[in-house]
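Step one of this worksheet: look at the structure below.
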Amino acid sequence: MHTIKIQAAVFALLGVSTTAGAAPYQTDYVQRIQDQAFFALQEAEPTAVLIRNSTCRLEDAAVRKNWEVLSGDERKEYIRAVKCLLSSPAKTDPALDTGARVRHEDFAAQHINQTLEVHVTGNFLSWHRHYIWSYEKALRNECGYTGYLPPLQDGMIGVGVANKLRYNPHCVSRDLSSWLATRIYTEEALLNLTIRETAEDIAGFQTRLESGSGVFPGVHSGGHQTLSGSNSDLYSGVVDPAFYLHHSMVDRVWWLWQALHLDQAKTISGTITFGNRPPSRNATLDDPIELPFLGVERTTIGNLLDTLDGPYCYVYA
Ligand SMILES: [Cu+2]
């Protein structure tokens, strides 16, 4: 298990300027897709409320705003809350021997322990949605954060060997590649992921998310590679706080796809083994999603497919 020495410098990636007021930022092509998605949700709301198992309403939903549009003070508040998780004591049962010393590491331990069951699988998107939502909850309930988990649009992590769980103090590293970022986060990539035939079903969406154009990786894997350093380790990339902003962006892209394909929003694709090795059955909506180290209530994939239902009530802006 890893521990992290984080000082403000580590947050260089998170915006450079926590002091300057952040300018509104969202490229036009992202805004166009965002507007289409939100319009689709508004159109569907009168019928959607009737079948929801919660009291969530679109107009009251929490809004996850992009990191790029947060003000300097909002960014500082987020960083302060992350530092709080980095300095609060771990809560996982010591008997589990996860190696976690601080709260942030409880989350890392959970990801490391389940890595092969929640990547390149049918539960990848829903498990990570629930995982980062639990992190957001900890920021808010345990560290007084008043905002929501912001997606990072422009910094969007390969497979390494995990040491599994043990106490392993080291510094988080990054090796940012703007060269790669400018080739991955393109209008083409977003269109291919959302409104084009390439993403006409959830299998196509997931393929694009990982494989991109074929030459460059997709926005999920490519984002981890863009951050590089600690993020090059599929298991323990979560030690880098930027992991959560990147995965908020991945969740946002899935949310956009779902809103633009409401008739398919509750479909999933993939099996229950990493890359289907060894070959296994397809994942189903009844498959459990569990975060036992984090004390999060057991749920199912099917319960996590709508950000306005089940345990959730949030949208992206
Ligand atoms: Cu992951």
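By order in the structure tokens, chains are A, B, ...; within a chain, residues start at 1; ligands start at 1, following the order shown.
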
Could I get the residues of chain A with an atom no further than 10 Å from an atom of ligand 1, each paired with its nearest atom pair and that distance in Å to one decimal, using only C-alpha atoms and all ligand atoms, sorted by chain and residue number, as JSON lines?
```
{"residue": "A:Ala108", "atom": "CA", "partner": "ligand 1", "partner_atom_place_in_ligand_line": "1 (Cu)", "distance": 9.8}
{"residue": "A:His111", "atom": "CA", "partner": "ligand 1", "partner_atom_place_in_ligand_line": "1 (Cu)", "distance": 6.5}
{"residue": "A:Ile112", "atom": "CA", "partner": "ligand 1", "partner_atom_place_in_ligand_line": "1 (Cu)", "distance": 8.4}
{"residue": "A:Gln114", "atom": "CA", "partner": "ligand 1", "partner_atom_place_in_ligand_line": "1 (Cu)", "distance": 8.8}
{"residue": "A:Thr115", "atom": "CA", "partner": "ligand 1", "partner_atom_place_in_ligand_line": "1 (Cu)", "distance": 6.5}
{"residue": "A:Leu116", "atom": "CA", "partner": "ligand 1", "partner_atom_place_in_ligand_line": "1 (Cu)", "distance": 9.3}
{"residue": "A:Glu117", "atom": "CA", "partner": "ligand 1", "partner_atom_place_in_ligand_line": "1 (Cu)", "distance": 9.9}
{"residue": "A:Val118", "atom": "CA", "partner": "ligand 1", "partner_atom_place_in_ligand_line": "1 (Cu)", "distance": 7.0}
{"residue": "A:His119", "atom": "CA", "partner": "ligand 1", "partner_atom_place_in_ligand_line": "1 (Cu)", "distance": 6.3}
{"residue": "A:Val120", "atom": "CA", "partner": "ligand 1", "partner_atom_place_in_ligand_line": "1 (Cu)", "distance": 9.6}
{"residue": "A:Phe124", "atom": "CA", "partner": "ligand 1", "partner_atom_place_in_ligand_line": "1 (Cu)", "distance": 7.7}
{"residue": "A:Leu125", "atom": "CA", "partner": "ligand 1", "partner_atom_place_in_ligand_line": "1 (Cu)", "distance": 9.2}
{"residue": "A:Trp127", "atom": "CA", "partner": "ligand 1", "partner_atom_place_in_ligand_line": "1 (Cu)", "distance": 8.6}
{"residue": "A:His128", "atom": "CA", "partner": "ligand 1", "partner_atom_place_in_ligand_line": "1 (Cu)", "distance": 6.5}
{"residue": "A:Tyr131", "atom": "CA", "partner": "ligand 1", "partner_atom_place_in_ligand_line": "1 (Cu)", "distance": 9.0}
{"residue": "A:Ile132", "atom": "CA", "partner": "ligand 1", "partner_atom_place_in_ligand_line": "1 (Cu)", "distance": 9.9}
{"residue": "A:Ile157", "atom": "CA", "partner": "ligand 1", "partner_atom_place_in_ligand_line": "1 (Cu)", "distance": 9.6}
{"residue": "A:His220", "atom": "CA", "partner": "ligand 1", "partner_atom_place_in_ligand_line": "1 (Cu)", "distance": 9.6}
{"residue": "A:Ser221", "atom": "CA", "partner": "ligand 1", "partner_atom_place_in_ligand_line": "1 (Cu)", "distance": 9.8}
{"residue": "A:His224", "atom": "CA", "partner": "ligand 1", "partner_atom_place_in_ligand_line": "1 (Cu)", "distance": 9.8}
{"residue": "A:Asp233", "atom": "CA", "partner": "ligand 1", "partner_atom_place_in_ligand_line": "1 (Cu)", "distance": 9.7}
{"residue": "A:Leu234", "atom": "CA", "partner": "ligand 1", "partner_atom_place_in_ligand_line": "1 (Cu)", "distance": 6.6}
{"residue": "A:Tyr235", "atom": "CA", "partner": "ligand 1", "partner_atom_place_in_ligand_line": "1 (Cu)", "distance": 7.1}
{"residue": "A:Ser236", "atom": "CA", "partner": "ligand 1", "partner_atom_place_in_ligand_line": "1 (Cu)", "distance": 8.6}
{"residue": "A:Gly237", "atom": "CA", "partner": "ligand 1", "partner_atom_place_in_ligand_line": "1 (Cu)", "distance": 7.8}
{"residue": "A:Val238", "atom": "CA", "partner": "ligand 1", "partner_atom_place_in_ligand_line": "1 (Cu)", "distance": 7.5}
{"residue": "A:Phe243", "atom": "CA", "partner": "ligand 1", "partner_atom_place_in_ligand_line": "1 (Cu)", "distance": 8.6}
{"residue": "A:Tyr244", "atom": "CA", "partner": "ligand 1", "partner_atom_place_in_ligand_line": "1 (Cu)", "distance": 9.7}
{"residue": "A:His247", "atom": "CA", "partner": "ligand 1", "partner_atom_place_in_ligand_line": "1 (Cu)", "distance": 8.2}
```

Report as a ChimeraX atom specification: the residues of stretch 102-166 of chain A with a DSSP assignment of alpha helix (DSSP H), based on the backbone of this structure. /A:103-114,124-143

Expected file contents, prior selection, C-alpha atoms, as a PDB file, in the first residue's frame:
```pdb
ATOM      1  CA  ARG A 103      -8.287   8.011   4.656  1.00  0.00           C
ATOM      2  CA  HIS A 104      -7.178   8.643   1.065  1.00  0.00           C
ATOM      3  CA  GLU A 105      -5.418   5.268   1.184  1.00  0.00           C
ATOM      4  CA  ASP A 106      -8.621   3.458   2.170  1.00  0.00           C
ATOM      5  CA  PHE A 107      -9.817   4.344  -1.314  1.00  0.00           C
ATOM      6  CA  ALA A 108      -6.541   3.331  -2.941  1.00  0.00           C
ATOM      7  CA  ALA A 109      -6.615  -0.008  -1.108  1.00  0.00           C
ATOM      8  CA  GLN A 110     -10.135  -0.653  -2.326  1.00  0.00           C
ATOM      9  CA  HIS A 111      -9.169  -0.018  -5.940  1.00  0.00           C
ATOM     10  CA  ILE A 112      -5.978  -2.072  -5.732  1.00  0.00           C
ATOM     11  CA  ASN A 113      -7.784  -5.002  -4.166  1.00  0.00           C
ATOM     12  CA  GLN A 114     -10.469  -5.159  -6.858  1.00  0.00           C
ATOM     13  CA  PHE A 124     -16.058  -1.087 -15.229  1.00  0.00           C
ATOM     14  CA  LEU A 125     -18.199   2.012 -15.749  1.00  0.00           C
ATOM     15  CA  SER A 126     -20.665   1.405 -12.920  1.00  0.00           C
ATOM     16  CA  TRP A 127     -17.999   0.317 -10.385  1.00  0.00           C
ATOM     17  CA  HIS A 128     -15.950   3.443 -11.055  1.00  0.00           C
ATOM     18  CA  ARG A 129     -19.053   5.641 -10.980  1.00  0.00           C
ATOM     19  CA  HIS A 130     -19.844   4.310  -7.518  1.00  0.00           C
ATOM     20  CA  TYR A 131     -16.237   4.476  -6.388  1.00  0.00           C
ATOM     21  CA  ILE A 132     -15.699   8.127  -7.239  1.00  0.00           C
ATOM     22  CA  TRP A 133     -19.145   9.007  -5.877  1.00  0.00           C
ATOM     23  CA  SER A 134     -18.054   7.446  -2.557  1.00  0.00           C
ATOM     24  CA  TYR A 135     -14.888   9.546  -2.682  1.00  0.00           C
ATOM     25  CA  GLU A 136     -16.986  12.660  -3.314  1.00  0.00           C
ATOM     26  CA  LYS A 137     -19.167  11.734  -0.331  1.00  0.00           C
ATOM     27  CA  ALA A 138     -16.099  11.438   1.896  1.00  0.00           C
ATOM     28  CA  LEU A 139     -14.845  14.841   0.727  1.00  0.00           C
ATOM     29  CA  ARG A 140     -18.194  16.383   1.589  1.00  0.00           C
ATOM     30  CA  ASN A 141     -19.194  14.502   4.750  1.00  0.00           C
ATOM     31  CA  GLU A 142     -15.793  14.043   6.357  1.00  0.00           C
ATOM     32  CA  CYS A 143     -13.889  17.085   5.142  1.00  0.00           C
TER      33      CYS A 143
END
```

Need the shell around A:Gly214: protein/DNA/RNA residues with any atom at most 12 Å away, counting only C-alpha atoms. Skip same-chain ones fewer than 5 positions apart. Format as an NGL selection string? :A and (183-184 or 189 or 207-209 or 219 or 222)
